[in-house]
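What follows is input.tsv (TSV, C-alpha atoms).
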```
chain	number	residue	atom	x	y	z
A	1	MET	CA	-46.50	59.98	194.62
A	2	PHE	CA	-49.26	62.56	194.59
A	3	GLU	CA	-51.84	59.99	195.64
A	4	ARG	CA	-49.73	59.04	198.65
A	5	ILE	CA	-49.19	62.71	199.58
A	6	LYS	CA	-52.93	63.30	199.18
A	7	ALA	CA	-53.66	60.41	201.53
A	8	ILE	CA	-51.32	61.71	204.22
A	9	LEU	CA	-52.77	65.22	203.81
A	10	ILE	CA	-56.31	63.95	204.36
A	11	LYS	CA	-55.12	61.98	207.37
A	12	GLU	CA	-53.39	65.04	208.85
A	13	PHE	CA	-56.36	67.36	208.42
A	14	LYS	CA	-58.70	64.78	209.97
A	15	GLN	CA	-56.35	64.33	212.90
A	16	ILE	CA	-55.97	68.09	213.42
A	17	PHE	CA	-59.68	68.94	213.36
A	18	ARG	CA	-60.89	65.84	215.19
A	19	ASP	CA	-60.29	67.56	218.54
A	20	PRO	CA	-62.56	70.61	219.07
A	21	ARG	CA	-59.96	72.14	221.38
A	22	MET	CA	-57.44	72.07	218.54
A	23	LYS	CA	-59.77	74.18	216.42
A	24	THR	CA	-59.88	76.75	219.21
A	25	VAL	CA	-56.08	76.78	219.52
A	26	ILE	CA	-55.62	77.19	215.77
A	27	PHE	CA	-58.25	79.78	214.90
A	28	ILE	CA	-59.47	81.51	218.08
A	29	THR	CA	-56.22	81.84	220.03
A	30	PRO	CA	-54.43	83.96	217.36
A	31	LEU	CA	-57.42	86.33	217.23
A	32	ILE	CA	-57.38	86.72	221.01
A	33	GLN	CA	-53.63	87.32	220.90
A	34	ILE	CA	-53.86	90.02	218.24
A	35	ILE	CA	-56.55	91.85	220.23
A	36	LEU	CA	-54.55	91.68	223.47
A	37	PHE	CA	-51.27	92.66	221.83
A	38	GLY	CA	-53.00	95.33	219.78
A	39	TYR	CA	-54.02	97.17	222.93
A	40	ALA	CA	-50.89	96.32	224.95
A	41	ALA	CA	-48.21	97.00	222.30
A	42	ASN	CA	-48.65	100.77	222.40
A	43	LYS	CA	-45.84	103.14	223.34
A	44	ASP	CA	-47.86	106.31	222.82
A	45	ILE	CA	-47.96	108.20	226.12
A	46	THR	CA	-51.12	110.27	226.45
A	47	TYR	CA	-51.72	109.97	230.18
A	48	ILE	CA	-49.04	110.99	232.69
A	49	PRO	CA	-50.23	110.96	236.34
A	50	THR	CA	-48.89	114.24	237.70
A	51	ALA	CA	-48.47	115.70	241.20
A	52	ILE	CA	-48.36	119.50	241.62
A	53	TYR	CA	-46.12	121.07	244.27
A	54	ASP	CA	-46.51	124.86	243.96
A	55	ARG	CA	-44.66	126.65	246.76
A	56	ASP	CA	-44.72	129.99	244.95
A	57	ASN	CA	-48.47	130.22	244.26
A	58	THR	CA	-48.25	133.32	242.08
A	59	LYS	CA	-49.84	134.30	238.81
A	60	GLU	CA	-46.70	133.24	236.94
A	61	SER	CA	-46.47	129.81	238.58
A	62	ARG	CA	-50.16	129.12	238.01
A	63	GLU	CA	-49.83	130.12	234.37
A	64	LEU	CA	-46.94	127.72	233.85
A	65	LEU	CA	-48.82	124.91	235.60
A	66	ARG	CA	-51.79	125.65	233.36
A	67	LYS	CA	-49.56	125.05	230.34
A	68	PHE	CA	-48.78	121.59	231.69
A	69	THR	CA	-52.27	120.59	232.81
A	70	TYR	CA	-54.00	121.92	229.69
A	71	SER	CA	-51.80	119.78	227.49
A	72	LYS	CA	-53.06	116.34	226.54
A	73	TYR	CA	-50.25	114.62	228.42
A	74	PHE	CA	-49.94	115.79	232.04
A	75	VAL	CA	-52.99	114.94	234.15
A	76	PRO	CA	-52.97	116.49	237.66
A	77	GLU	CA	-54.10	113.81	240.09
A	78	ARG	CA	-52.92	115.26	243.39
A	79	TYR	CA	-51.55	118.39	245.00
A	80	ILE	CA	-48.79	118.06	247.58
A	81	TYR	CA	-47.53	120.54	250.17
A	82	ASN	CA	-44.20	119.26	251.57
A	83	ASP	CA	-41.06	117.39	250.56
A	84	LYS	CA	-42.13	114.25	252.38
A	85	GLU	CA	-45.23	113.94	250.21
A	86	GLN	CA	-43.11	114.46	247.10
A	87	ASN	CA	-40.91	111.50	247.96
A	88	LEU	CA	-43.91	109.43	248.97
A	89	VAL	CA	-45.83	109.75	245.69
A	90	LEU	CA	-42.75	108.77	243.69
A	91	ASP	CA	-41.74	105.89	245.97
A	92	LYS	CA	-45.24	104.39	245.88
A	93	GLY	CA	-45.69	105.01	242.16
A	94	LEU	CA	-48.75	107.21	242.77
A	95	SER	CA	-47.52	109.74	240.20
A	96	SER	CA	-45.11	109.51	237.31
A	97	VAL	CA	-43.87	113.09	237.70
A	98	VAL	CA	-43.88	115.85	240.31
A	99	ILE	CA	-43.84	119.45	239.06
A	100	ARG	CA	-42.27	121.58	241.79
A	101	ILE	CA	-42.12	125.38	241.73
A	102	ASP	CA	-40.23	126.96	244.64
A	103	ARG	CA	-40.80	130.37	246.19
A	104	GLY	CA	-39.43	133.31	244.24
A	105	PHE	CA	-40.34	131.97	240.79
A	106	GLY	CA	-42.73	134.78	239.92
A	107	ARG	CA	-40.55	137.44	241.55
A	108	ASN	CA	-37.51	136.37	239.54
A	109	LEU	CA	-39.46	136.46	236.29
A	110	LYS	CA	-40.69	139.99	236.98
A	111	ALA	CA	-37.14	141.07	237.77
A	112	GLY	CA	-35.83	139.60	234.53
A	113	LYS	CA	-33.82	136.96	236.34
A	114	SER	CA	-33.57	133.23	235.70
A	115	ALA	CA	-36.42	131.31	237.30
A	116	ASP	CA	-36.10	127.56	237.87
A	117	ILE	CA	-38.63	124.78	238.31
A	118	GLN	CA	-38.04	121.13	239.14
A	119	LEU	CA	-39.47	118.05	237.47
A	120	ALA	CA	-38.93	114.94	239.55
A	121	TYR	CA	-40.02	111.86	237.62
A	122	ASP	CA	-39.84	108.12	237.99
A	123	GLY	CA	-36.88	106.93	235.92
A	124	THR	CA	-37.53	103.21	236.39
A	125	ASP	CA	-38.73	103.02	232.79
A	126	SER	CA	-36.05	105.07	231.05
A	127	ASN	CA	-37.92	105.29	227.73
A	128	THR	CA	-41.05	106.68	229.37
A	129	ALA	CA	-38.95	109.09	231.41
A	130	MET	CA	-37.26	110.42	228.27
A	131	VAL	CA	-40.63	110.93	226.59
A	132	ILE	CA	-41.92	112.82	229.65
A	133	MET	CA	-38.82	114.99	229.65
A	134	GLY	CA	-39.31	115.76	225.96
A	135	TYR	CA	-42.93	116.82	226.53
A	136	ALA	CA	-41.87	119.01	229.47
A	137	ASN	CA	-39.06	120.68	227.51
A	138	SER	CA	-41.48	121.48	224.70
A	139	ILE	CA	-43.96	123.10	227.11
A	140	ILE	CA	-41.23	125.09	228.88
A	141	SER	CA	-39.81	126.32	225.55
A	142	LYS	CA	-43.24	127.49	224.44
A	143	TYR	CA	-43.81	129.25	227.78
A	144	GLN	CA	-40.43	130.95	227.57
A	145	TYR	CA	-41.10	132.13	224.03
A	146	ASP	CA	-44.47	133.56	225.08
A	147	LEU	CA	-42.77	135.48	227.92
A	148	LEU	CA	-40.18	136.97	225.56
A	149	LYS	CA	-42.85	137.90	223.04
A	150	GLU	CA	-44.94	139.55	225.76
A	151	GLU	CA	-41.93	141.51	226.95
A	152	ALA	CA	-41.10	142.62	223.40
A	153	ASP	CA	-44.67	143.76	222.83
A	154	SER	CA	-44.65	145.71	226.09
A	155	VAL	CA	-41.69	147.85	225.00
A	156	GLY	CA	-43.11	148.51	221.55
A	157	LYS	CA	-41.06	145.97	219.60
A	158	ILE	CA	-44.04	144.08	218.24
A	159	GLY	CA	-43.06	141.41	215.77
A	160	SER	CA	-39.33	142.04	216.23
A	161	LEU	CA	-38.71	138.81	218.14
A	162	PRO	CA	-36.95	136.33	215.81
A	163	SER	CA	-38.32	132.81	215.56
A	164	VAL	CA	-37.66	129.59	213.68
A	165	GLY	CA	-40.60	127.79	212.14
A	166	LEU	CA	-40.40	124.00	211.82
A	167	GLU	CA	-42.63	122.18	209.36
A	168	ASP	CA	-42.38	118.42	209.75
A	169	ARG	CA	-43.84	115.59	207.73
A	170	ALA	CA	-43.86	111.96	208.86
A	171	TRP	CA	-43.95	109.50	205.98
A	172	PHE	CA	-45.81	106.17	206.09
A	173	ASN	CA	-47.24	106.75	209.60
A	174	GLY	CA	-48.49	110.31	209.50
A	175	ASN	CA	-49.97	110.44	213.00
A	176	LEU	CA	-47.00	108.58	214.53
A	177	VAL	CA	-49.28	105.93	216.03
A	178	SER	CA	-47.05	103.28	217.57
A	179	ARG	CA	-49.73	100.60	217.17
A	180	ASN	CA	-49.41	100.88	213.39
A	181	TYR	CA	-45.74	99.96	213.75
A	182	TYR	CA	-46.05	97.20	216.33
A	183	LEU	CA	-49.16	95.35	215.14
A	184	PRO	CA	-47.61	94.00	211.90
A	185	GLY	CA	-44.73	92.76	214.05
A	186	VAL	CA	-47.20	91.08	216.38
A	187	ILE	CA	-48.74	89.30	213.38
A	188	ALA	CA	-45.29	88.02	212.40
A	189	THR	CA	-44.54	86.75	215.92
A	190	ILE	CA	-47.91	84.96	216.19
A	191	VAL	CA	-47.40	83.18	212.87
A	192	THR	CA	-43.89	82.22	213.95
A	193	MET	CA	-45.02	80.73	217.24
A	194	MET	CA	-48.01	78.84	215.84
A	195	SER	CA	-46.16	77.35	212.87
A	196	LEU	CA	-43.22	76.24	215.03
A	197	LEU	CA	-45.38	74.81	217.78
A	198	LEU	CA	-47.89	72.98	215.61
A	199	THR	CA	-45.19	71.37	213.43
A	200	ALA	CA	-42.93	70.25	216.28
A	201	MET	CA	-45.73	69.02	218.52
A	202	ALA	CA	-47.63	67.11	215.81
A	203	ILE	CA	-44.66	65.04	214.67
A	204	VAL	CA	-43.51	64.30	218.21
A	205	LYS	CA	-47.05	63.22	219.05
A	206	GLU	CA	-46.79	60.59	216.30
A	207	LYS	CA	-43.68	59.27	218.06
A	208	GLU	CA	-45.35	59.14	221.46
A	209	ILE	CA	-48.46	57.25	220.37
A	210	GLY	CA	-46.44	54.89	218.17
A	211	THR	CA	-47.95	55.77	214.79
A	212	MET	CA	-44.68	57.11	213.39
A	213	GLU	CA	-43.33	53.56	213.17
A	214	GLN	CA	-46.42	52.56	211.17
A	215	LEU	CA	-45.85	55.45	208.78
A	216	THR	CA	-42.18	54.58	208.30
A	217	VAL	CA	-42.96	50.99	207.27
A	218	SER	CA	-45.70	52.13	204.88
A	219	PRO	CA	-45.06	52.68	201.14
A	220	LEU	CA	-44.57	56.38	201.89
A	221	LYS	CA	-41.15	57.76	200.99
A	222	PRO	CA	-39.48	60.13	203.50
A	223	ILE	CA	-39.97	63.17	201.24
A	224	GLU	CA	-43.65	62.32	200.80
A	225	LEU	CA	-44.11	62.00	204.53
A	226	ILE	CA	-42.36	65.34	205.13
A	227	VAL	CA	-44.46	67.15	202.51
A	228	GLY	CA	-47.66	65.56	203.80
A	229	LYS	CA	-46.79	66.57	207.34
A	230	LEU	CA	-45.75	70.16	206.64
A	231	LEU	CA	-48.28	71.31	204.04
A	232	PRO	CA	-51.32	71.23	206.37
A	233	PHE	CA	-49.58	73.46	208.89
A	234	GLY	CA	-48.44	75.81	206.14
A	235	ALA	CA	-52.04	76.10	204.93
A	236	ILE	CA	-53.27	76.68	208.48
A	237	ALA	CA	-50.65	79.42	209.00
A	238	LEU	CA	-51.82	81.19	205.82
A	239	VAL	CA	-55.41	81.10	207.08
A	240	GLN	CA	-54.24	82.44	210.45
A	241	ILE	CA	-52.32	85.38	208.97
A	242	THR	CA	-55.31	86.21	206.75
A	243	LEU	CA	-57.71	86.23	209.72
A	244	ILE	CA	-55.49	88.27	212.03
A	245	THR	CA	-54.62	90.70	209.23
A	246	ILE	CA	-58.31	91.32	208.56
A	247	LEU	CA	-58.88	91.81	212.29
A	248	GLY	CA	-55.93	94.19	212.60
A	249	VAL	CA	-57.07	96.28	209.64
A	250	LEU	CA	-60.76	96.42	210.56
A	251	TRP	CA	-60.55	96.52	214.38
A	252	PHE	CA	-57.39	98.57	214.98
A	253	GLU	CA	-57.48	100.45	211.65
A	254	VAL	CA	-53.88	99.58	210.84
A	255	PRO	CA	-53.28	100.61	207.22
A	256	LEU	CA	-52.54	97.86	204.71
A	257	ARG	CA	-51.06	99.88	201.86
A	258	GLY	CA	-49.38	96.99	200.08
A	259	ASN	CA	-50.63	94.02	198.10
A	260	LEU	CA	-52.31	91.25	200.13
A	261	LEU	CA	-51.13	88.66	197.61
A	262	LEU	CA	-47.54	89.84	198.09
A	263	LEU	CA	-48.03	89.50	201.84
A	264	LEU	CA	-49.25	85.91	201.43
A	265	PHE	CA	-46.41	85.13	199.01
A	266	SER	CA	-43.83	86.49	201.46
A	267	THR	CA	-45.47	84.52	204.26
A	268	CYS	CA	-45.13	81.32	202.23
A	269	ILE	CA	-41.40	81.96	201.88
A	270	TYR	CA	-41.11	82.65	205.59
A	271	LEU	CA	-43.12	79.54	206.50
A	272	PHE	CA	-40.60	77.59	204.45
A	273	THR	CA	-38.09	78.36	207.22
A	274	THR	CA	-40.31	78.06	210.31
A	275	LEU	CA	-41.82	74.74	209.24
A	276	GLY	CA	-38.32	73.43	208.55
A	277	ILE	CA	-37.18	74.54	212.00
A	278	GLY	CA	-40.25	72.92	213.55
A	279	LEU	CA	-39.39	69.70	211.71
A	280	PHE	CA	-35.83	69.86	213.02
A	281	ILE	CA	-37.03	70.37	216.59
A	282	SER	CA	-39.32	67.36	216.23
A	283	THR	CA	-36.39	65.14	215.22
A	284	ILE	CA	-34.33	66.04	218.31
A	285	SER	CA	-37.26	65.79	220.75
A	286	SER	CA	-38.61	62.60	222.29
A	287	THR	CA	-41.69	63.99	224.06
A	288	GLN	CA	-44.17	66.81	223.51
A	289	GLN	CA	-42.93	68.60	226.63
A	290	GLU	CA	-39.38	68.52	225.29
A	291	ALA	CA	-40.54	69.82	221.93
A	292	MET	CA	-42.49	72.66	223.56
A	293	MET	CA	-39.48	73.73	225.65
A	294	SER	CA	-37.25	73.61	222.58
A	295	VAL	CA	-39.69	75.80	220.65
A	296	PHE	CA	-39.74	78.43	223.39
A	297	LEU	CA	-35.94	78.23	223.71
A	298	PHE	CA	-35.67	79.08	220.01
A	299	TYR	CA	-38.58	81.54	219.91
A	300	GLN	CA	-37.49	84.00	222.60
A	301	PRO	CA	-34.08	85.00	221.14
A	302	THR	CA	-35.60	84.96	217.66
A	303	VAL	CA	-38.09	87.68	218.64
A	304	LEU	CA	-35.52	89.67	220.64
A	305	LEU	CA	-33.09	89.74	217.69
A	306	SER	CA	-35.73	90.50	215.06
A	307	GLY	CA	-36.10	94.24	215.62
A	308	PHE	CA	-39.67	93.75	216.85
A	309	ALA	CA	-39.28	95.88	219.99
A	310	TYR	CA	-35.62	96.95	220.02
A	311	PRO	CA	-33.83	98.51	217.02
A	312	ILE	CA	-31.11	96.23	215.69
A	313	ILE	CA	-28.85	99.23	215.05
A	314	ASN	CA	-28.69	99.85	218.82
A	315	MET	CA	-27.40	96.35	219.56
A	316	PRO	CA	-23.68	95.54	219.94
A	317	GLN	CA	-21.93	94.85	216.64
A	318	ILE	CA	-21.42	91.15	217.31
A	319	ILE	CA	-25.13	90.74	218.13
A	320	GLN	CA	-26.02	92.56	214.90
A	321	TRP	CA	-24.05	89.94	212.96
A	322	PHE	CA	-26.06	87.16	214.59
A	323	THR	CA	-29.31	88.80	213.50
A	324	PHE	CA	-28.43	88.08	209.87
A	325	LEU	CA	-29.04	84.40	210.66
A	326	ASN	CA	-32.48	85.15	212.04
A	327	PRO	CA	-35.27	84.65	209.46
A	328	LEU	CA	-37.73	86.72	211.52
A	329	ARG	CA	-35.46	89.75	211.09
A	330	TYR	CA	-36.11	89.75	207.33
A	331	PHE	CA	-39.81	88.93	207.59
A	332	MET	CA	-40.28	91.73	210.12
A	333	VAL	CA	-38.98	94.23	207.56
A	334	VAL	CA	-41.12	92.70	204.82
A	335	ILE	CA	-44.42	92.71	206.71
A	336	ARG	CA	-43.96	96.24	208.08
A	337	SER	CA	-42.99	97.53	204.65
A	338	ILE	CA	-46.06	95.96	203.04
A	339	PHE	CA	-48.39	97.31	205.71
A	340	LEU	CA	-47.03	100.83	206.17
A	341	LYS	CA	-45.05	101.68	203.02
A	342	GLY	CA	-46.95	99.71	200.40
A	343	VAL	CA	-43.74	98.77	198.59
A	344	GLY	CA	-43.52	95.97	196.06
A	345	LEU	CA	-41.26	93.10	195.13
A	346	ASP	CA	-38.77	95.45	193.48
A	347	ILE	CA	-37.89	96.76	196.95
A	348	LEU	CA	-38.47	93.68	199.09
A	349	TRP	CA	-36.41	91.21	197.07
A	350	THR	CA	-33.33	92.19	199.12
A	351	GLN	CA	-35.12	90.81	202.20
A	352	LEU	CA	-36.78	87.84	200.51
A	353	LEU	CA	-33.60	86.53	198.90
A	354	PRO	CA	-31.77	85.86	202.21
A	355	LEU	CA	-35.03	84.42	203.54
A	356	VAL	CA	-35.11	81.93	200.66
A	357	ALA	CA	-31.45	80.99	201.26
A	358	ILE	CA	-32.03	80.43	204.98
A	359	GLY	CA	-35.20	78.47	204.21
A	360	ILE	CA	-33.44	76.12	201.76
A	361	PHE	CA	-30.63	75.49	204.24
A	362	VAL	CA	-33.00	74.83	207.15
A	363	VAL	CA	-35.33	72.55	205.19
A	364	VAL	CA	-32.44	70.50	203.72
A	365	LEU	CA	-30.83	70.15	207.16
A	366	SER	CA	-34.15	69.23	208.77
A	367	THR	CA	-34.97	66.73	206.04
A	368	LEU	CA	-31.61	64.97	206.40
A	369	LYS	CA	-32.04	64.86	210.17
A	370	PHE	CA	-35.61	63.58	209.80
A	371	ARG	CA	-34.52	60.82	207.42
A	372	LYS	CA	-31.75	59.83	209.79
A	373	SER	CA	-34.16	59.67	212.75
A	374	MET	CA	-36.54	57.51	210.66
A	375	GLY	CA	-33.74	55.17	209.83
```
Could you express the structure from this file as structure tokens?
Amino acid sequence: MFERIKAILIKEFKQIFRDPRMKTVIFITPLIQIILFGYAANKDITYIPTAIYDRDNTKESRELLRKFTYSKYFVPERYIYNDKEQNLVLDKGLSSVVIRIDRGFGRNLKAGKSADIQLAYDGTDSNTAMVIMGYANSIISKYQYDLLKEEADSVGKIGSLPSVGLEDRAWFNGNLVSRNYYLPGVIATIVTMMSLLLTAMAIVKEKEIGTMEQLTVSPLKPIELIVGKLLPFGAIALVQITLITILGVLWFEVPLRGNLLLLLFSTCIYLFTTLGIGLFISTISSTQQEAMMSVFLFYQPTVLLSGFAYPIINMPQIIQWFTFLNPLRYFMVVIRSIFLKGVGLDILWTQLLPLVAIGIFVVVLSTLKFRKSMG
């Protein structure tokens, strides 16, 4: 049995690496993807194109605007002088936010009255708009506190102004860098795509060129053929995750606080499911184009329901139930926990156990379907 599996393994590796373009797809493409996603998958907002509309033009208005422009977020790119320009910069997307201060702002502050300003921002991207609003509220609150403190000092009540001090501590991602959160998820999605695509396409290719019939009439048993077909792609996926992990840690400085061996072990369990799904797709596909479309049809909802970009807790309850059938959901928790938290098997077993159960079910189902298609 092992001699026959060894023979099919040698044949598979020779077939995979015979084409130089295949080597590029397997080893270079994931590295390019991790670099592109590493720079693109970043929700940190440090540059907000800002338009200034100061109709008051007093010491007080300029001081408030200085609070905005001296922060590391709001970058003044243009100054506008009428309402038409305000609408124009927002309609054309020339600025993300317009800070407008009307006449009477400084006079009202001196008189102890309420003074209003307007922030008009592009709400097309609601998440970005909420972040901008949070930054603005923080700046306004600090400006208001400074005014009250200055007023208290002027009447001889130095130090009498009450204040609340907040000391915060972020665990696992101290600087709150979004790339540290997203990049491990990107690694998981790349491994998912490559393992699914390579498995499904390779077996369907055997059908198209007619060599699958030759394999079925050979002394190989179905289980030997399945193992010989899947093991090379499992080994390739482990090499891929090692390479892109090294690149992510060294290039993007994403912390890997956990055990690399535990990461590879967890990946092996996860590949148990993706290779089985790829095998199943190959049995229901007649051509490589059909297999590719089936992979993408499966891949897109898998990523959407994994918690990669959108928190599962925010999804409708019925959708949350469906996520329990998604193997990427569990692997996403595992890989992020290993990278950022450095936890061990004593914590991750609750995620690995369902992953094993799903993997066994998928592989058994795929094997039965594969045997039936061979027959």
A:Ala200 environment, 9 Å, all atoms listed in the file, sequence neighbours closer than 3 positions dropped, as a PDB file with C-alpha atoms, keeping the file's coordinate frame:
```pdb
ATOM      1  CA  SER A 195     -46.160  77.350 212.870  1.00  0.00           C
ATOM      2  CA  LEU A 196     -43.220  76.240 215.030  1.00  0.00           C
ATOM      3  CA  LEU A 197     -45.380  74.810 217.780  1.00  0.00           C
ATOM      4  CA  ILE A 203     -44.660  65.040 214.670  1.00  0.00           C
ATOM      5  CA  VAL A 204     -43.510  64.300 218.210  1.00  0.00           C
ATOM      6  CA  LYS A 205     -47.050  63.220 219.050  1.00  0.00           C
ATOM      7  CA  LEU A 275     -41.820  74.740 209.240  1.00  0.00           C
ATOM      8  CA  ILE A 277     -37.180  74.540 212.000  1.00  0.00           C
ATOM      9  CA  GLY A 278     -40.250  72.920 213.550  1.00  0.00           C
ATOM     10  CA  LEU A 279     -39.390  69.700 211.710  1.00  0.00           C
ATOM     11  CA  PHE A 280     -35.830  69.860 213.020  1.00  0.00           C
ATOM     12  CA  ILE A 281     -37.030  70.370 216.590  1.00  0.00           C
ATOM     13  CA  SER A 282     -39.320  67.360 216.230  1.00  0.00           C
ATOM     14  CA  THR A 283     -36.390  65.140 215.220  1.00  0.00           C
ATOM     15  CA  SER A 285     -37.260  65.790 220.750  1.00  0.00           C
ATOM     16  CA  GLN A 288     -44.170  66.810 223.510  1.00  0.00           C
ATOM     17  CA  ALA A 291     -40.540  69.820 221.930  1.00  0.00           C
ATOM     18  CA  MET A 292     -42.490  72.660 223.560  1.00  0.00           C
ATOM     19  CA  VAL A 295     -39.690  75.800 220.650  1.00  0.00           C
TER      20      VAL A 295
END
```
- Task: Would you mind telling me which residue in A:Ile32, A:Ala115, A:Ile226, A:Val131 lies nearest to A:Thr199 when using all atoms listed in the file?
- Result: A:Ile226
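Minimum distance to A:Ile244 across A:Gln118, A:Thr29, A:Thr302, A:Thr274 (counting all atoms listed in the file) occurs at A:Thr29.
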- Task: Kindly indicate which residue among A:Val177, A:Val191, A:Leu297, A:Ile358 lies nearest to A:Lys43, using all atoms listed in the file for the distances.
- Result: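 Closest candidate: A:Val177.
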- Message: From the options A:Val249, A:Thr192, A:Ile338, A:Ile52, which residue's atoms come nearest to A:Gln86, counting all atoms listed in the file?
- Response: A:Ile52
- Item | Between atom CA of A:Leu305 and atom CA of A:Thr267 - distance in Å to one decimal |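 A separation of 19.0 Å between them.
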- Of the listed residues A:Asp116, A:Asp125, A:Glu208, A:Glu85, that which approaches A:Gln144 most closely, counting all atoms listed in the file: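 Between A:Asp116, A:Asp125, A:Glu208, A:Glu85, the residue approaching A:Gln144 most closely is A:Asp116.
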- Message: Please list as a PyMOL selection string every residue within 6 Å of A:Tyr53, counting all atoms listed in the file and excluding residues in the same chain fewer than 5 positions away.
- Response: chain A and resi 80+99-100
- Nearest residue to A:Leu238 from the set A:Leu256, A:Leu325, A:Met194, A:Val97 (distances using all atoms listed in the file):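 Distance minimum relative to A:Leu238 lands on A:Met194.
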Edge lengths and centre in Å to one decimal, as AutoDock Vina command-line options, is what I'm after for the box along x, y and z that holds all listed atoms of stretch 173-176 of chain A once 8 Å is added on each side.
```
--center_x -48.5 --center_y 108.6 --center_z 212.0 --size_x 19.0 --size_y 19.7 --size_z 21.0
```
- Item | Between atom CA of A:Asp122 and atom CA of A:Asn87, distance in Å (one decimal) |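 Atom CA of A:Asp122 sits 10.6 Å away from atom CA of A:Asn87.
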- Would you work out the distance separating atom CA of A:Thr189 from atom CA of A:Val303, expressed in Å to one decimal? 7.1 Å
- Message: Using only C-alpha atoms - which residues lie no farther than 12 Å from the point (-43.2, 96.9, 205.4) in the file's frame? Write them as number ranges by chain.
- Response: A: 172-173, 180-185, 188, 255-260, 262-263, 266, 329-345, 347-348, 351
- Compile the contact shell of A:Gly123 as a ChimeraX atom specification: residues with an atom at most 10 Å away, counting all atoms listed in the file, same-chain residues fewer than 2 positions apart removed. /A:90,96-97,120-121,125-130,132
Would you put the residues from that selection into a file with C-alpha atoms, as a PDB file, keeping the file's coordinate frame?
```
ATOM      1  CA  LEU A  90     -42.750 108.770 243.690  1.00  0.00           C
ATOM      2  CA  SER A  96     -45.110 109.510 237.310  1.00  0.00           C
ATOM      3  CA  VAL A  97     -43.870 113.090 237.700  1.00  0.00           C
ATOM      4  CA  ALA A 120     -38.930 114.940 239.550  1.00  0.00           C
ATOM      5  CA  TYR A 121     -40.020 111.860 237.620  1.00  0.00           C
ATOM      6  CA  ASP A 125     -38.730 103.020 232.790  1.00  0.00           C
ATOM      7  CA  SER A 126     -36.050 105.070 231.050  1.00  0.00           C
ATOM      8  CA  ASN A 127     -37.920 105.290 227.730  1.00  0.00           C
ATOM      9  CA  THR A 128     -41.050 106.680 229.370  1.00  0.00           C
ATOM     10  CA  ALA A 129     -38.950 109.090 231.410  1.00  0.00           C
ATOM     11  CA  MET A 130     -37.260 110.420 228.270  1.00  0.00           C
ATOM     12  CA  ILE A 132     -41.920 112.820 229.650  1.00  0.00           C
TER      13      ILE A 132
END
```
Kindly assemble as CSV a list of the stretch 90-144 of chain A residues that lie within 12 Å of stretch 57-74 of chain A, each paired with its nearest atom pair and their distance in Å to one decimal, using all atoms listed in the file, sorted first by chain and then by ascending residue number.
```
residue,atom,partner,partner_atom,distance
A:Ser95,CA,A:Phe74,CA,10.4
A:Ser96,CA,A:Phe74,CA,9.5
A:Val97,CA,A:Phe74,CA,8.7
A:Val98,CA,A:Phe74,CA,10.3
A:Ile99,CA,A:Leu65,CA,8.2
A:Arg100,CA,A:Leu65,CA,9.6
A:Ile101,CA,A:Ser61,CA,7.0
A:Asp102,CA,A:Asn57,CA,8.9
A:Arg103,CA,A:Asn57,CA,7.9
A:Gly104,CA,A:Thr58,CA,9.1
A:Phe105,CA,A:Ser61,CA,6.9
A:Gly106,CA,A:Glu60,CA,5.2
A:Arg107,CA,A:Thr58,CA,8.7
A:Asn108,CA,A:Glu60,CA,10.1
A:Leu109,CA,A:Glu60,CA,8.0
A:Lys110,CA,A:Glu60,CA,9.0
A:Ala115,CA,A:Ser61,CA,10.2
A:Asp116,CA,A:Ser61,CA,10.6
A:Ile117,CA,A:Ser61,CA,9.3
A:Gln118,CA,A:Leu65,CA,12.0
A:Leu119,CA,A:Phe68,CA,11.5
A:Val131,CA,A:Tyr73,CA,10.5
A:Ile132,CA,A:Tyr73,CA,8.6
A:Met133,CA,A:Phe74,CA,11.4
A:Gly134,CA,A:Tyr73,CA,11.3
A:Tyr135,CA,A:Tyr73,CA,7.9
A:Ala136,CA,A:Phe68,CA,7.7
A:Asn137,CA,A:Phe68,CA,10.6
A:Ser138,CA,A:Phe68,CA,10.1
A:Ile139,CA,A:Lys67,CA,6.8
A:Ile140,CA,A:Leu64,CA,8.0
A:Ser141,CA,A:Lys67,CA,10.9
A:Lys142,CA,A:Lys67,CA,9.0
A:Tyr143,CA,A:Leu64,CA,7.0
A:Gln144,CA,A:Leu64,CA,9.6
```
File contents for stretch 291-306 of chain A with C-alpha atoms as an mmCIF file, in the first residue's frame:
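Saved as out-v4.cif:
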```
data_model
loop_
_atom_site.group_PDB
_atom_site.id
_atom_site.type_symbol
_atom_site.label_atom_id
_atom_site.label_comp_id
_atom_site.auth_asym_id
_atom_site.auth_seq_id
_atom_site.Cartn_x
_atom_site.Cartn_y
_atom_site.Cartn_z
ATOM 1 C CA ALA A 291 -14.364 23.553 -10.816
ATOM 2 C CA MET A 292 -12.967 27.090 -10.607
ATOM 3 C CA MET A 293 -16.453 28.635 -10.521
ATOM 4 C CA SER A 294 -17.531 26.158 -7.836
ATOM 5 C CA VAL A 295 -14.502 27.041 -5.722
ATOM 6 C CA PHE A 296 -15.265 30.759 -5.895
ATOM 7 C CA LEU A 297 -18.956 30.073 -5.199
ATOM 8 C CA PHE A 298 -17.931 28.302 -1.989
ATOM 9 C CA TYR A 299 -15.064 30.645 -1.090
ATOM 10 C CA GLN A 300 -16.898 33.984 -1.031
ATOM 11 C CA PRO A 301 -19.574 33.135 1.591
ATOM 12 C CA THR A 302 -16.979 31.189 3.566
ATOM 13 C CA VAL A 303 -14.855 34.330 3.996
ATOM 14 C CA LEU A 304 -17.862 36.585 4.635
ATOM 15 C CA LEU A 305 -19.154 34.294 7.400
ATOM 16 C CA SER A 306 -15.761 33.696 9.013
#
```
